[in-house]
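See below for structure.txt, which holds compact mmCIF, C-alpha atoms and all ligand atoms.
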# COMPACT_ATOMS: atom_id res chain seq x y z
CA MET W 1 91.83 118.84 96.87
CA LEU W 2 94.27 119.23 93.97
CA ARG W 3 92.94 119.60 90.47
CA ILE W 4 94.40 120.35 87.07
CA LYS W 5 92.69 121.34 83.86
CA ARG W 6 93.51 119.38 80.78
CA VAL W 7 91.98 118.47 77.49
CA PRO W 8 90.79 114.89 77.86
CA THR W 9 91.68 112.42 75.16
CA VAL W 10 88.74 111.02 73.26
CA VAL W 11 89.36 107.28 73.19
CA SER W 12 85.96 106.22 71.85
CA ASN W 13 83.51 107.66 69.36
CA TYR W 14 80.89 107.27 72.09
CA GLN W 15 82.72 109.52 74.55
CA LYS W 16 80.62 112.62 74.72
CA GLU W 17 81.74 116.20 75.07
CA GLU W 18 79.51 116.76 78.08
CA PRO W 19 79.42 114.56 81.15
CA GLU W 20 76.69 112.06 80.54
CA GLU W 21 73.40 112.81 82.17
CA ASP W 22 72.04 110.21 84.53
CA THR W 23 70.33 107.98 82.09
CA ALA W 24 67.53 105.62 82.87
CA PRO W 25 68.45 101.95 82.47
CA HIS W 26 68.66 100.96 78.83
CA GLY W 27 65.87 99.01 77.28
CA LEU W 28 66.66 96.13 74.98
CA GLY W 29 69.23 97.42 72.54
CA CYS W 30 70.13 101.05 73.11
CA GLY W 31 70.87 101.49 69.43
CA ARG W 32 74.59 102.07 69.95
CA ASN W 33 75.58 98.42 69.86
CA CYS W 34 77.43 98.98 73.13
CA LEU W 35 78.94 96.60 75.68
CA CYS W 36 76.20 96.94 78.25
CA ASN W 37 73.51 94.37 78.91
CA CYS W 38 71.20 96.18 76.51
CA CYS W 39 73.23 95.16 73.48
CA LEU W 40 75.30 92.15 74.57
CA GLN W 41 72.71 89.43 74.21
CA GLY W 42 73.71 87.28 71.26
CA ALA W 43 76.71 89.49 70.42
CA LYS W 44 79.81 87.83 69.02
CA LEU W 45 83.45 88.90 68.77
CA PRO W 46 86.68 87.12 67.88
CA LEU W 47 88.30 85.42 70.87
CA TYR W 48 92.04 84.84 71.24
CA ALA W 49 92.92 82.54 74.13
CA PHE W 50 96.59 82.36 75.08
CA LYS W 51 97.89 79.16 76.56
CA LYS W 52 98.42 78.89 80.27
CA MET W 53 101.88 80.14 80.94
CA LYS W 54 104.01 78.29 83.41
CA LYS W 55 107.24 78.70 81.58
CA LYS W 56 110.23 80.92 81.96
CA VAL W 57 109.93 84.37 80.54
CA THR W 58 113.39 84.18 79.11
CA GLN W 59 112.87 81.06 77.05
CA GLU W 60 112.56 82.41 73.56
CA ASP W 61 111.58 79.08 72.06
CA ASP W 62 108.63 78.88 74.35
CA HIS W 63 106.87 81.71 72.64
CA PRO W 64 103.62 80.45 71.18
CA CYS W 65 104.46 81.59 67.67
CA GLY W 66 105.07 78.04 66.54
CA ASP W 67 103.06 75.93 64.16
CA GLU W 68 100.29 75.38 66.61
CA THR W 69 99.28 79.04 66.74
CA PRO W 70 96.08 79.41 64.74
CA VAL W 71 96.56 83.12 64.08
CA ALA W 72 99.56 85.47 64.31
CA PHE W 73 98.55 87.51 67.34
CA LEU W 74 100.27 90.78 66.53
CA ASP W 75 100.51 90.86 62.75
CA SER W 76 97.28 89.24 61.67
CA LEU W 77 94.93 89.71 64.54
CA LEU W 78 95.79 92.90 66.38
CA LEU W 79 97.28 94.99 63.59
CA GLY W 80 95.02 93.43 60.97
CA GLU W 81 91.86 94.28 62.88
CA TRP W 82 93.25 97.71 63.71
CA GLU W 83 93.84 98.48 60.06
CA ASP W 84 90.36 97.27 59.28
CA ARG W 85 88.95 99.88 61.71
CA MET W 86 91.19 102.52 60.19
CA GLN W 87 89.82 101.72 56.76
CA LYS W 88 86.31 101.96 58.12
CA GLY W 89 87.10 105.50 59.23
CA PHE W 90 86.64 105.01 62.98
CA PHE W 91 89.64 107.10 63.97
CA ARG W 92 89.50 110.83 64.56
CA TYR W 93 92.57 111.43 62.40
CA ASP W 94 95.14 109.51 60.40
CA VAL W 95 97.99 108.87 62.81
CA THR W 96 100.12 107.40 60.05
CA ALA W 97 100.18 110.88 58.50
CA CYS W 98 101.49 112.56 61.68
CA GLU W 99 105.05 113.78 61.33
CA THR W 100 107.50 111.87 63.48
CA LYS W 101 111.24 112.18 63.91
CA VAL W 102 113.95 110.69 66.04
CA ILE W 103 116.02 113.47 67.54
CA PRO W 104 119.65 112.75 66.66
CA SER W 105 121.23 112.50 70.09
CA GLU W 106 122.49 110.02 72.62
CA TYR W 107 119.09 108.69 73.67
CA GLY W 108 117.19 109.33 70.46
CA PHE W 109 114.02 110.88 71.86
CA ILE W 110 111.14 110.50 69.44
CA ALA W 111 109.05 113.56 68.63
CA GLN W 112 105.65 113.38 67.03
CA LEU W 113 103.58 116.31 65.87
CA ASN W 114 99.99 115.44 66.67
CA GLU W 115 97.79 118.47 66.19
CA GLY W 116 94.56 116.51 65.81
CA ARG W 117 94.54 114.64 69.08
CA HIS W 118 93.28 117.35 71.37
CA LEU W 119 91.25 119.56 69.11
CA LYS W 120 87.53 120.03 69.51
CA LYS W 121 87.57 119.35 73.19
CA ARG W 122 87.34 121.75 76.09
CA PRO W 123 89.64 121.41 79.08
CA THR W 124 88.16 119.38 81.90
CA GLU W 125 89.12 119.36 85.57
CA PHE W 126 90.81 116.26 86.86
CA ARG W 127 91.43 115.49 90.47
CA VAL W 128 95.11 114.58 90.75
CA ASP W 129 95.64 113.98 94.45
CA LYS W 130 93.85 110.66 94.68
CA VAL W 131 95.28 107.61 92.96
CA LEU W 132 92.40 105.41 94.04
CA GLN W 133 88.90 106.60 93.29
CA PRO W 134 85.73 104.53 93.16
CA PHE W 135 84.26 103.54 89.81
CA ASP W 136 81.48 105.91 88.77
CA GLY W 137 79.07 104.34 86.31
CA SER W 138 77.60 107.74 85.38
CA LYS W 139 80.89 108.82 83.80
CA PHE W 140 82.28 107.55 80.53
CA ASN W 141 83.60 104.01 80.81
CA PHE W 142 84.44 101.26 78.38
CA THR W 143 81.09 99.50 78.59
CA LYS W 144 79.81 102.49 76.62
CA ILE W 145 82.02 101.99 73.59
CA GLY W 146 80.58 100.48 70.43
CA GLN W 147 81.17 96.80 69.68
CA GLU W 148 82.67 97.82 66.35
CA GLU W 149 85.49 99.52 68.31
CA VAL W 150 86.38 96.22 69.96
CA LEU W 151 88.93 94.15 68.05
CA PHE W 152 88.71 90.89 69.97
CA GLN W 153 88.30 89.20 73.33
CA PHE W 154 91.54 88.18 75.03
CA GLY W 155 91.80 85.53 77.71
CA GLU W 156 93.50 82.43 78.98
CA SER W 157 92.91 79.17 77.18
CA GLU W 158 91.36 76.31 79.06
CA ASP W 159 93.97 73.90 77.82
CA ASP W 160 97.62 73.99 76.86
CA HIS W 161 97.09 75.47 73.42
CA VAL W 162 96.50 78.83 71.89
CA GLN W 163 92.94 78.98 70.66
CA PHE W 164 91.27 81.33 68.25
CA PHE W 165 87.57 81.65 67.52
CA PRO W 166 86.73 84.21 64.83
CA ASN W 167 83.15 84.50 66.04
CA ALA W 168 82.78 83.72 69.73
CA PRO W 169 79.79 84.59 71.89
CA ILE W 170 80.44 87.07 74.68
CA ASP W 171 80.33 85.23 77.99
CA ILE W 172 78.61 87.89 80.07
CA GLU W 173 78.80 85.84 83.27
CA ASN W 174 82.59 85.62 83.07
CA SER W 175 83.23 89.24 82.06
CA PRO W 176 85.64 88.95 79.13
CA SER W 177 88.75 91.06 78.75
CA VAL W 178 88.77 92.92 75.45
CA VAL W 179 91.14 94.77 73.16
CA ALA W 180 89.64 97.89 71.58
CA ILE W 181 90.92 100.70 69.39
CA ASN W 182 91.82 104.08 70.81
CA VAL W 183 90.13 106.44 68.36
CA SER W 184 92.82 109.05 69.17
CA PRO W 185 95.85 106.90 68.40
CA ILE W 186 99.36 108.14 69.02
CA GLU W 187 100.92 105.41 66.91
CA TYR W 188 100.25 102.53 64.58
CA GLY W 189 98.19 99.84 66.26
CA HIS W 190 97.31 101.92 69.33
CA VAL W 191 94.83 99.84 71.33
CA LEU W 192 93.35 99.58 74.78
CA LEU W 193 93.32 96.40 76.83
CA ILE W 194 90.35 96.40 79.20
CA PRO W 195 90.53 93.56 81.73
CA ARG W 196 87.21 91.96 82.72
CA ILE W 197 85.36 94.86 81.17
CA LEU W 198 81.93 94.06 82.60
CA GLU W 199 83.21 94.05 86.17
CA CYS W 200 83.61 97.83 85.90
CA LEU W 201 86.77 97.99 87.97
CA PRO W 202 88.33 101.39 88.64
CA GLN W 203 91.77 102.32 87.29
CA ARG W 204 93.92 100.42 89.77
CA ILE W 205 96.38 97.58 89.30
CA ASP W 206 95.61 94.18 90.72
CA ARG W 207 97.65 91.01 90.22
CA LYS W 208 95.24 89.42 87.78
CA SER W 209 94.89 92.45 85.52
CA PHE W 210 98.61 93.06 85.40
CA LEU W 211 99.30 89.44 84.50
CA LEU W 212 96.83 89.79 81.64
CA ALA W 213 98.69 92.86 80.33
CA LEU W 214 101.97 90.98 80.59
CA ASN W 215 100.47 88.07 78.66
CA MET W 216 99.42 90.47 75.93
CA ALA W 217 103.00 91.77 75.62
CA ALA W 218 104.36 88.21 75.62
CA GLU W 219 101.84 87.10 73.04
CA ALA W 220 102.70 90.00 70.73
CA GLY W 221 106.30 88.80 70.90
CA SER W 222 107.82 91.95 69.40
CA PRO W 223 110.20 94.35 71.12
CA TYR W 224 108.42 97.15 69.26
CA PHE W 225 105.02 96.46 70.74
CA ARG W 226 104.82 98.07 74.16
CA VAL W 227 102.10 98.02 76.77
CA GLY W 228 101.69 100.97 79.12
CA TYR W 229 99.69 102.02 82.15
CA ASN W 230 98.91 105.40 83.68
CA SER W 231 97.46 105.62 87.19
CA LEU W 232 95.01 108.30 88.20
CA GLY W 233 97.07 111.36 89.08
CA ALA W 234 99.61 110.30 86.43
CA PHE W 235 97.53 111.26 83.40
CA ALA W 236 94.96 108.50 83.16
CA THR W 237 91.72 110.21 82.22
CA ILE W 238 89.26 107.33 82.45
CA ASN W 239 88.62 105.64 85.77
CA HIS W 240 87.93 102.20 84.34
CA ILE W 241 90.86 99.80 84.38
CA HIS W 242 92.73 99.82 81.09
CA PHE W 243 96.18 99.46 79.61
CA GLN W 244 97.34 101.03 76.35
CA ALA W 245 99.59 99.51 73.73
CA TYR W 246 101.00 100.31 70.32
CA TYR W 247 103.64 99.39 67.80
CA LEU W 248 106.60 101.68 67.10
CA ALA W 249 109.67 100.21 65.43
CA VAL W 250 112.37 102.20 67.22
CA PRO W 251 113.88 101.72 70.66
CA PHE W 252 112.52 104.03 73.34
CA PRO W 253 115.07 106.22 75.13
CA ILE W 254 114.13 104.72 78.51
CA GLU W 255 115.05 101.30 77.12
CA LYS W 256 118.53 102.57 76.35
CA ALA W 257 119.19 104.13 79.74
CA PRO W 258 121.82 102.45 81.87
CA THR W 259 120.71 100.82 85.09
CA ARG W 260 122.21 99.98 88.42
CA LYS W 261 121.49 96.71 90.11
CA ILE W 262 119.72 96.92 93.40
CA VAL W 263 118.33 93.56 94.41
CA ALA W 264 117.40 90.08 93.25
CA LEU W 265 114.41 88.27 94.66
CA ASP W 266 114.62 84.58 95.39
CA ASP W 267 112.20 83.82 92.55
CA GLY W 268 114.74 85.18 90.09
CA VAL W 269 113.28 88.65 89.58
CA LYS W 270 115.97 91.31 89.38
CA ILE W 271 115.26 94.92 90.22
CA THR W 272 117.49 97.68 88.95
CA GLU W 273 117.28 101.43 89.04
CA LEU W 274 117.48 103.80 86.08
CA LEU W 275 120.64 105.84 85.86
CA ASN W 276 121.24 108.95 83.80
CA TYR W 277 117.63 109.26 82.82
CA PRO W 278 115.53 112.31 83.66
CA VAL W 279 112.82 110.30 85.42
CA ARG W 280 113.84 108.10 88.34
CA GLY W 281 112.38 104.64 88.17
CA LEU W 282 112.76 100.94 88.81
CA VAL W 283 113.29 98.24 86.21
CA PHE W 284 112.09 94.66 86.75
CA GLU W 285 113.54 91.75 84.78
CA GLY W 286 113.86 87.98 84.94
CA GLY W 287 111.87 85.70 87.20
CA ASN W 288 111.48 81.94 87.00
CA THR W 289 108.02 82.35 85.51
CA LEU W 290 105.98 85.14 84.01
CA LEU W 291 103.94 85.09 87.20
CA ASP W 292 107.01 85.93 89.33
CA ILE W 293 107.81 89.16 87.53
CA SER W 294 104.13 89.97 87.23
CA ASN W 295 103.56 89.67 90.95
CA ALA W 296 106.68 91.66 91.83
CA VAL W 297 105.55 94.55 89.64
CA SER W 298 101.88 94.43 90.54
CA ASP W 299 102.66 94.27 94.26
CA SER W 300 104.88 97.33 93.79
CA CYS W 301 102.07 99.11 91.96
CA ILE W 302 99.60 98.18 94.69
CA CYS W 303 102.04 99.60 97.24
CA LEU W 304 102.23 102.89 95.33
CA GLN W 305 98.44 103.04 95.01
CA ASN W 306 97.94 102.38 98.70
CA ASN W 307 100.40 105.14 99.49
CA ASN W 308 98.65 107.50 97.05
CA ILE W 309 101.70 107.87 94.80
CA PRO W 310 100.83 108.37 91.10
CA TYR W 311 102.84 106.23 88.70
CA ASN W 312 103.28 104.95 85.16
CA VAL W 313 104.33 101.51 83.93
CA LEU W 314 105.97 100.53 80.66
CA ILE W 315 106.07 96.87 79.64
CA SER W 316 108.92 96.40 77.16
CA ASP W 317 110.67 93.61 75.36
CA SER W 318 107.64 91.29 75.12
CA GLY W 319 107.13 91.49 78.85
CA LYS W 320 110.71 90.75 79.83
CA ARG W 321 111.51 94.28 81.06
CA ILE W 322 109.11 96.42 83.02
CA PHE W 323 109.68 100.03 84.03
CA LEU W 324 107.91 101.42 87.09
CA LEU W 325 107.93 105.21 87.30
CA PRO W 326 106.40 107.08 90.20
CA GLN W 327 105.74 110.69 89.23
CA CYS W 328 104.65 114.03 90.58
CA TYR W 329 104.07 116.29 87.54
CA ALA W 330 100.31 116.69 87.94
CA GLU W 331 100.73 117.46 91.62
CA LYS W 332 103.33 120.13 90.83
CA GLN W 333 101.07 121.48 88.12
CA ALA W 334 98.16 121.75 90.55
CA LEU W 335 100.39 123.49 93.09
CA GLY W 336 101.58 126.00 90.48
CA GLU W 337 105.14 124.72 90.55
CA VAL W 338 105.56 124.01 86.83
CA SER W 339 107.02 126.77 84.66
CA PRO W 340 104.66 128.53 82.21
CA GLU W 341 106.93 127.51 79.29
CA LEU W 342 106.39 123.84 80.05
CA LEU W 343 102.67 124.29 80.68
CA ASP W 344 102.31 126.13 77.39
CA THR W 345 103.37 123.03 75.47
CA GLN W 346 100.31 121.26 76.99
CA VAL W 347 102.26 118.05 76.91
CA ASN W 348 100.85 115.55 79.36
CA PRO W 349 103.73 113.41 80.56
CA ALA W 350 102.06 110.01 80.67
CA VAL W 351 103.82 106.68 80.16
CA TRP W 352 104.72 107.28 76.50
CA GLU W 353 106.25 110.70 77.03
CA ILE W 354 108.15 109.47 80.08
CA SER W 355 109.53 106.62 77.99
CA GLY W 356 110.81 109.13 75.45
CA HIS W 357 108.06 109.26 72.83
CA MET W 358 107.09 112.91 72.98
CA VAL W 359 103.66 113.63 71.55
CA LEU W 360 103.69 117.34 70.77
CA LYS W 361 100.70 119.49 70.00
CA ARG W 362 102.34 122.61 68.58
CA LYS W 363 104.38 122.80 65.40
CA LYS W 364 106.79 125.14 67.15
CA ASP W 365 107.55 122.56 69.84
CA TYR W 366 107.99 119.89 67.20
CA GLU W 367 110.43 121.98 65.21
CA GLU W 368 112.38 122.92 68.32
CA ALA W 369 112.28 119.43 69.76
CA SER W 370 115.61 118.48 71.28
CA GLU W 371 116.94 116.07 73.83
CA GLU W 372 117.52 119.03 76.11
CA ASN W 373 113.86 120.10 75.90
CA ALA W 374 112.59 116.59 76.45
CA TRP W 375 114.95 116.24 79.39
CA ARG W 376 113.77 119.53 80.89
CA LEU W 377 110.14 118.44 80.81
CA LEU W 378 110.80 114.95 82.13
CA ALA W 379 112.98 116.24 84.96
CA GLU W 380 109.84 117.94 86.28
CA VAL W 381 107.98 114.64 86.14
CA SER W 382 110.48 112.76 88.30
CA LEU W 383 110.38 112.43 92.05
CA SER W 384 113.29 114.09 93.80
CA GLU W 385 116.16 111.80 94.76
CA GLU W 386 115.13 112.00 98.40
CA ARG W 387 111.50 111.18 97.71
CA PHE W 388 112.47 108.39 95.32
CA GLN W 389 114.55 106.75 98.04
CA GLU W 390 111.57 106.86 100.39
CA VAL W 391 109.32 105.34 97.75
CA LYS W 392 111.85 102.59 97.02
CA THR W 393 111.91 101.73 100.71
CA LEU W 394 108.14 101.42 100.75
CA ILE W 395 108.19 99.15 97.72
CA PHE W 396 110.98 96.89 98.96
CA GLU W 397 109.30 96.43 102.30
CA VAL W 398 106.14 95.25 100.55
CA ILE W 399 108.00 92.94 98.17
CA ALA W 400 110.11 91.48 100.94
CA ARG W 401 107.02 90.79 103.00
CA GLY W 402 105.16 89.34 100.03
CA ASP W 403 101.43 89.69 99.60
CA ASP W 404 100.92 86.02 100.28
CA GLY W 405 102.60 86.39 103.67
CA LYS W 406 105.29 83.86 102.75
CA GLY W 407 107.87 86.50 102.28
CA ASN W 408 110.46 86.81 99.60
CA ASN W 409 114.16 86.91 100.20
CA ILE W 410 115.68 90.01 98.77
CA GLN W 411 119.29 89.37 98.16
CA SER W 412 121.92 91.83 97.29
CA SER W 413 123.11 91.13 93.80
CA ILE W 414 126.00 93.37 93.16
CA ASP W 415 128.41 92.52 90.43
CA GLU W 416 132.05 92.49 91.34
CA ALA W 417 132.63 94.99 88.60
CA ASP W 418 129.90 97.21 89.88
CA GLU W 419 131.51 98.30 93.09
CA SER W 420 131.55 101.96 92.26
CA GLU W 421 127.78 101.83 92.14
CA THR W 422 127.08 100.32 95.49
CA PRO W 423 123.39 100.46 96.23
CA GLN W 424 122.32 102.18 99.35
CA CYS W 425 120.41 100.67 102.15
CA PRO W 426 116.72 101.48 102.03
CA LYS W 427 116.76 101.69 105.79
CA GLU W 428 119.31 104.48 105.68
CA VAL W 429 117.18 106.59 103.42
CA GLY W 430 116.06 108.90 106.14
CA ALA W 431 119.57 110.21 106.48
CA LEU W 432 119.83 111.24 102.85
CA LYS W 433 120.01 114.81 101.81
CA LYS W 434 118.37 116.36 98.82
CA GLY W 435 120.35 116.21 95.63
CA SER W 436 122.43 113.19 96.58
CA HIS W 437 123.54 111.36 93.50
CA PRO W 438 122.78 107.66 93.64
CA THR W 439 126.26 106.66 92.60
CA MET W 440 127.76 108.80 95.32
CA VAL W 441 125.85 107.35 98.22
CA PRO W 442 127.85 105.00 100.39
CA GLY W 443 126.11 101.84 101.47
CA LYS W 444 126.57 98.32 102.63
CA GLN W 445 126.05 95.36 100.38
CA ASP W 446 124.42 93.26 103.03
CA CYS W 447 121.91 95.87 104.03
CA LEU W 448 119.48 94.82 101.34
CA VAL W 449 118.49 91.53 102.85
CA LEU W 450 115.02 92.31 104.09
CA HIS W 451 112.78 89.84 105.87
ZN ZN V 1 73.49 99.33 74.37
Take the structure I supplied and represent it as structure tokens, if you would.
Ligand SMILES: [Zn+2]
Amino acid sequence: MLRIKRVPTVVSNYQKEEPEEDTAPHGLGCGRNCLCNCCLQGAKLPLYAFKKMKKKVTQEDDHPCGDETPVAFLDSLLLGEWEDRMQKGFFRYDVTACETKVIPSEYGFIAQLNEGRHLKKRPTEFRVDKVLQPFDGSKFNFTKIGQEEVLFQFGESEDDHVQFFPNAPIDIENSPSVVAINVSPIEYGHVLLIPRILECLPQRIDRKSFLLALNMAAEAGSPYFRVGYNSLGAFATINHIHFQAYYLAVPFPIEKAPTRKIVALDDGVKITELLNYPVRGLVFEGGNTLLDISNAVSDSCICLQNNNIPYNVLISDSGKRIFLLPQCYAEKQALGEVSPELLDTQVNPAVWEISGHMVLKRKKDYEEASEENAWRLLAEVSLSEERFQEVKTLIFEVIARGDDGKGNNIQSSIDEADESETPQCPKEVGALKKGSHPTMVPGKQDCLVLH
């Protein structure tokens, strides 16, 4: 069993220092105004219902920011409620006072000095060699947060319109999805999206939950509002399904990295591969509907989970670009393969760090922050080229097969101008040697048609 020690992030004011003792079932009202049965009867929260989405992701004019929208999702609702909680003093520190700088360089890595995030907590052991672990109700989970930490309920509308109810009852039978604050924010508007909170699902992607996260990104409608996901073994600390999201008005380095086309699915989803970025990863774009891209990514995530490969996901550009990044840092850390200099920084390379937003805990690291240092850390996070090729093969086999059994044609989609960057055949991966550069690998264009 592989374990690492790390200081867990406190995401809720109800997350205790010590593991919670086995408590007897709550009586009526536990006094914490939580999200368990004890306190939910008669509770009300705002409800934002997005309209059923059957449209193309790429159609800008289809975004529900038109006249019919009863409330501006990002500006009024999400950020407005977030600021309200900040004013009420629910956060552990003032993130807007944390120093942040963009490192002047090609990619513009973003460094933040955040000394308050990890104080007052002792390191805890985390198992990092199991991406799928059963939900454990005795540990901290989001049903234990206070209702005042929840900003609103988020779900699909029953008709073709966006709907907003400032004071909606909580439908316990149908387990609402909720958006809550993270009391240890790393940026403005840092929130958690907890799909079907009362179902107490473990941290694992399923199609429905991922589509919900994608809808949140689409609803926000801003390229600066990103949604992220960390699997267990890739720096998630709470085994209760959740996504994170926040607003940061600069491009992330990963969004600037060049990509190389690999394949196009017959439902219009294009998959490319990151080039010249320290972490190897896949980028998903396009699709005839939001559901197409959602299913392609969630099926890929499910494949990684089933193969016990830790990963992170970044949803960018209002849900139009999604980065999938398998990683191995925690495993290396547990095996003693990470250098003491990197460990000393105590930086946990989760989705935000991998995307180029480096949250640093020591002033020294902040002052010395450079693209080279960021690169050095992230290079340790990445799978090796050889391993990445194997993982790609696993993913493409799953996507080509299709979860619904209908299959999905994967067509080669190489630009004429792109000939120097011929993709390699996943089936030839076994023959690859360590250190091969993707652009140097010979391949056949027609080898990517998988059935
Ligand atoms: Zn309660």
Original post:
Mind listing the residues within 9 Å of ligand ZN 1 (chain V), all atoms listed in the file counted, as a PyMOL selection string?
Top reply: chain W and resi 26-40+143-146
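Proximity ranking of W:Ala374, W:Ala234, W:Ile205, W:Val183 relative to Asn348 (chain W) places W:Ala234 first, based on only C-alpha atoms.
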Original post:
Of the candidates W:Ile399, W:Phe388, W:Leu45, W:Glu187, which shows the shortest atom-to-atom distance to Leu113 (chain W), using all atoms listed in the file?
Top reply: W:Glu187
**OP:** Would you work out the distance separating CA of Lys16 (chain W) from CA of Thr124 (chain W), expressed in Å to one decimal?
**Re:** 12.4 Å
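Checking W:Ala111, W:Ala218, W:Cys200, W:Leu275 one by one against Asp365 (chain W), counting only C-alpha atoms, you find the shortest gap at W:Ala111.
Closest approach to Ser355 (chain W) among W:Glu331, W:Glu385, W:Asp266, W:Glu255: W:Glu255, based on all atoms listed in the file.
Counting from CA of Val398 (chain W), the distance to CA of Thr259 (chain W) is 22.0 Å.
Taking CA of Leu360 (chain W) as the reference point, CA of Lys332 (chain W) is found at 20.3 Å.
When all atoms listed in the file are used to measure the gap to Ala379 (chain W), the shortest distance among W:Val338, W:Leu214, W:Ile238, W:Leu291 belongs to W:Val338.
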Subject >> Among listed residues W:Ala180, W:Val250, W:Cys301, W:Val7, nearest Thr100 (chain W) (using only C-alpha atoms) >> reply: W:Val250
Subject >> Residue contacts of Gly108 (chain W) (8 Å, all atoms listed in the file) excluding same-chain residues fewer than 3 positions away, as an MDAnalysis selection string >> reply: chainID W and resid 102:105 252:253 371
Kindly export the residues of the current selection with C-alpha atoms, as a PDB file, keeping the file's coordinate frame.
ATOM      1  CA  VAL W 102     113.950 110.690  66.040  1.00  0.00           C
ATOM      2  CA  ILE W 103     116.020 113.470  67.540  1.00  0.00           C
ATOM      3  CA  PRO W 104     119.650 112.750  66.660  1.00  0.00           C
ATOM      4  CA  SER W 105     121.230 112.500  70.090  1.00  0.00           C
ATOM      5  CA  PHE W 252     112.520 104.030  73.340  1.00  0.00           C
ATOM      6  CA  PRO W 253     115.070 106.220  75.130  1.00  0.00           C
ATOM      7  CA  GLU W 371     116.940 116.070  73.830  1.00  0.00           C
TER       8      GLU W 371
END
Subject >> Nearby residues (all atoms listed in the file) at most 12 Å from Arg280 (chain W), same-chain spacing under 3 positions excluded, as a PyMOL selection string >> reply: chain W and resi 254+257-260+272-277+283+311-312+323-328+354-355+378-389+391-392+437-438
Padding 4 Å on each side, edges along x, y and z: where is the centre of the box around the listed atoms of region 72-85 of chain W, and how long are its edges in Å to one decimal? Output it as lines of an AutoDock Vina configuration file.
center_x = 94.7
center_y = 92.7
center_z = 63.3
size_x = 19.6
size_y = 22.4
size_z = 16.1
Kindly provide, as a short mmCIF file (atom, residue, chain, number, x, y, z; two decimals) with C-alpha atoms, in the frame of the given file, the polymer residues lying within 12 Å of (88.3, 108.7, 93.3), counting all atoms listed in the file and using the coordinates exactly as they appear in the file.
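New file selection-v7.cif:
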data_model
loop_
_atom_site.label_atom_id
_atom_site.label_comp_id
_atom_site.auth_asym_id
_atom_site.auth_seq_id
_atom_site.Cartn_x
_atom_site.Cartn_y
_atom_site.Cartn_z
CA MET W 1 91.83 118.84 96.87
CA PHE W 126 90.81 116.26 86.86
CA ARG W 127 91.43 115.49 90.47
CA VAL W 128 95.11 114.58 90.75
CA ASP W 129 95.64 113.98 94.45
CA LYS W 130 93.85 110.66 94.68
CA VAL W 131 95.28 107.61 92.96
CA LEU W 132 92.40 105.41 94.04
CA GLN W 133 88.90 106.60 93.29
CA PRO W 134 85.73 104.53 93.16
CA PHE W 135 84.26 103.54 89.81
CA ASP W 136 81.48 105.91 88.77
CA PRO W 202 88.33 101.39 88.64
CA GLN W 203 91.77 102.32 87.29
CA ARG W 204 93.92 100.42 89.77
CA SER W 231 97.46 105.62 87.19
CA LEU W 232 95.01 108.30 88.20
CA GLY W 233 97.07 111.36 89.08
CA THR W 237 91.72 110.21 82.22
CA ILE W 238 89.26 107.33 82.45
CA ASN W 239 88.62 105.64 85.77
CA HIS W 240 87.93 102.20 84.34
CA GLN W 305 98.44 103.04 95.01
CA ASN W 308 98.65 107.50 97.05
#
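Residues with any atom within 7 Å of the point (116.8, 96.9, 95.6), counting all atoms listed in the file, are W:Ile262, W:Val263, W:Ile271, W:Thr272, W:Phe396, W:Leu448.
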**OP:** Find the residues around Ser316 (chain W) up to 10 Å (all atoms listed in the file counted), leave out those fewer than 2 positions away in its own chain, and share them as a VMD selection string.
**Re:** chain W and resid 214 217 to 218 222 to 228 251 to 252 254 to 255 313 to 314 318 to 323
Region 93-110 of chain W dumped to file, C-alpha atoms, as a short mmCIF file (atom, residue, chain, number, x, y, z; two decimals), in the first residue's frame:
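File decode-v4.cif, as written:
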data_model
loop_
_atom_site.label_atom_id
_atom_site.label_comp_id
_atom_site.auth_asym_id
_atom_site.auth_seq_id
_atom_site.Cartn_x
_atom_site.Cartn_y
_atom_site.Cartn_z
CA TYR W 93 -8.12 33.92 5.22
CA ASP W 94 -8.57 36.70 2.70
CA VAL W 95 -7.49 35.23 -0.60
CA THR W 96 -7.83 38.58 -2.33
CA ALA W 97 -4.92 39.76 -0.16
CA CYS W 98 -2.61 36.92 -1.26
CA GLU W 99 0.25 38.10 -3.44
CA THR W 100 0.02 36.87 -7.00
CA LYS W 101 2.23 37.45 -10.00
CA VAL W 102 2.49 36.28 -13.56
CA ILE W 103 6.02 35.14 -14.25
CA PRO W 104 7.23 37.03 -17.32
CA SER W 105 8.04 34.19 -19.69
CA GLU W 106 6.72 32.33 -22.68
CA TYR W 107 3.90 30.54 -20.89
CA GLY W 108 3.27 33.04 -18.12
CA PHE W 109 3.06 30.70 -15.15
CA ILE W 110 1.09 32.27 -12.32
#
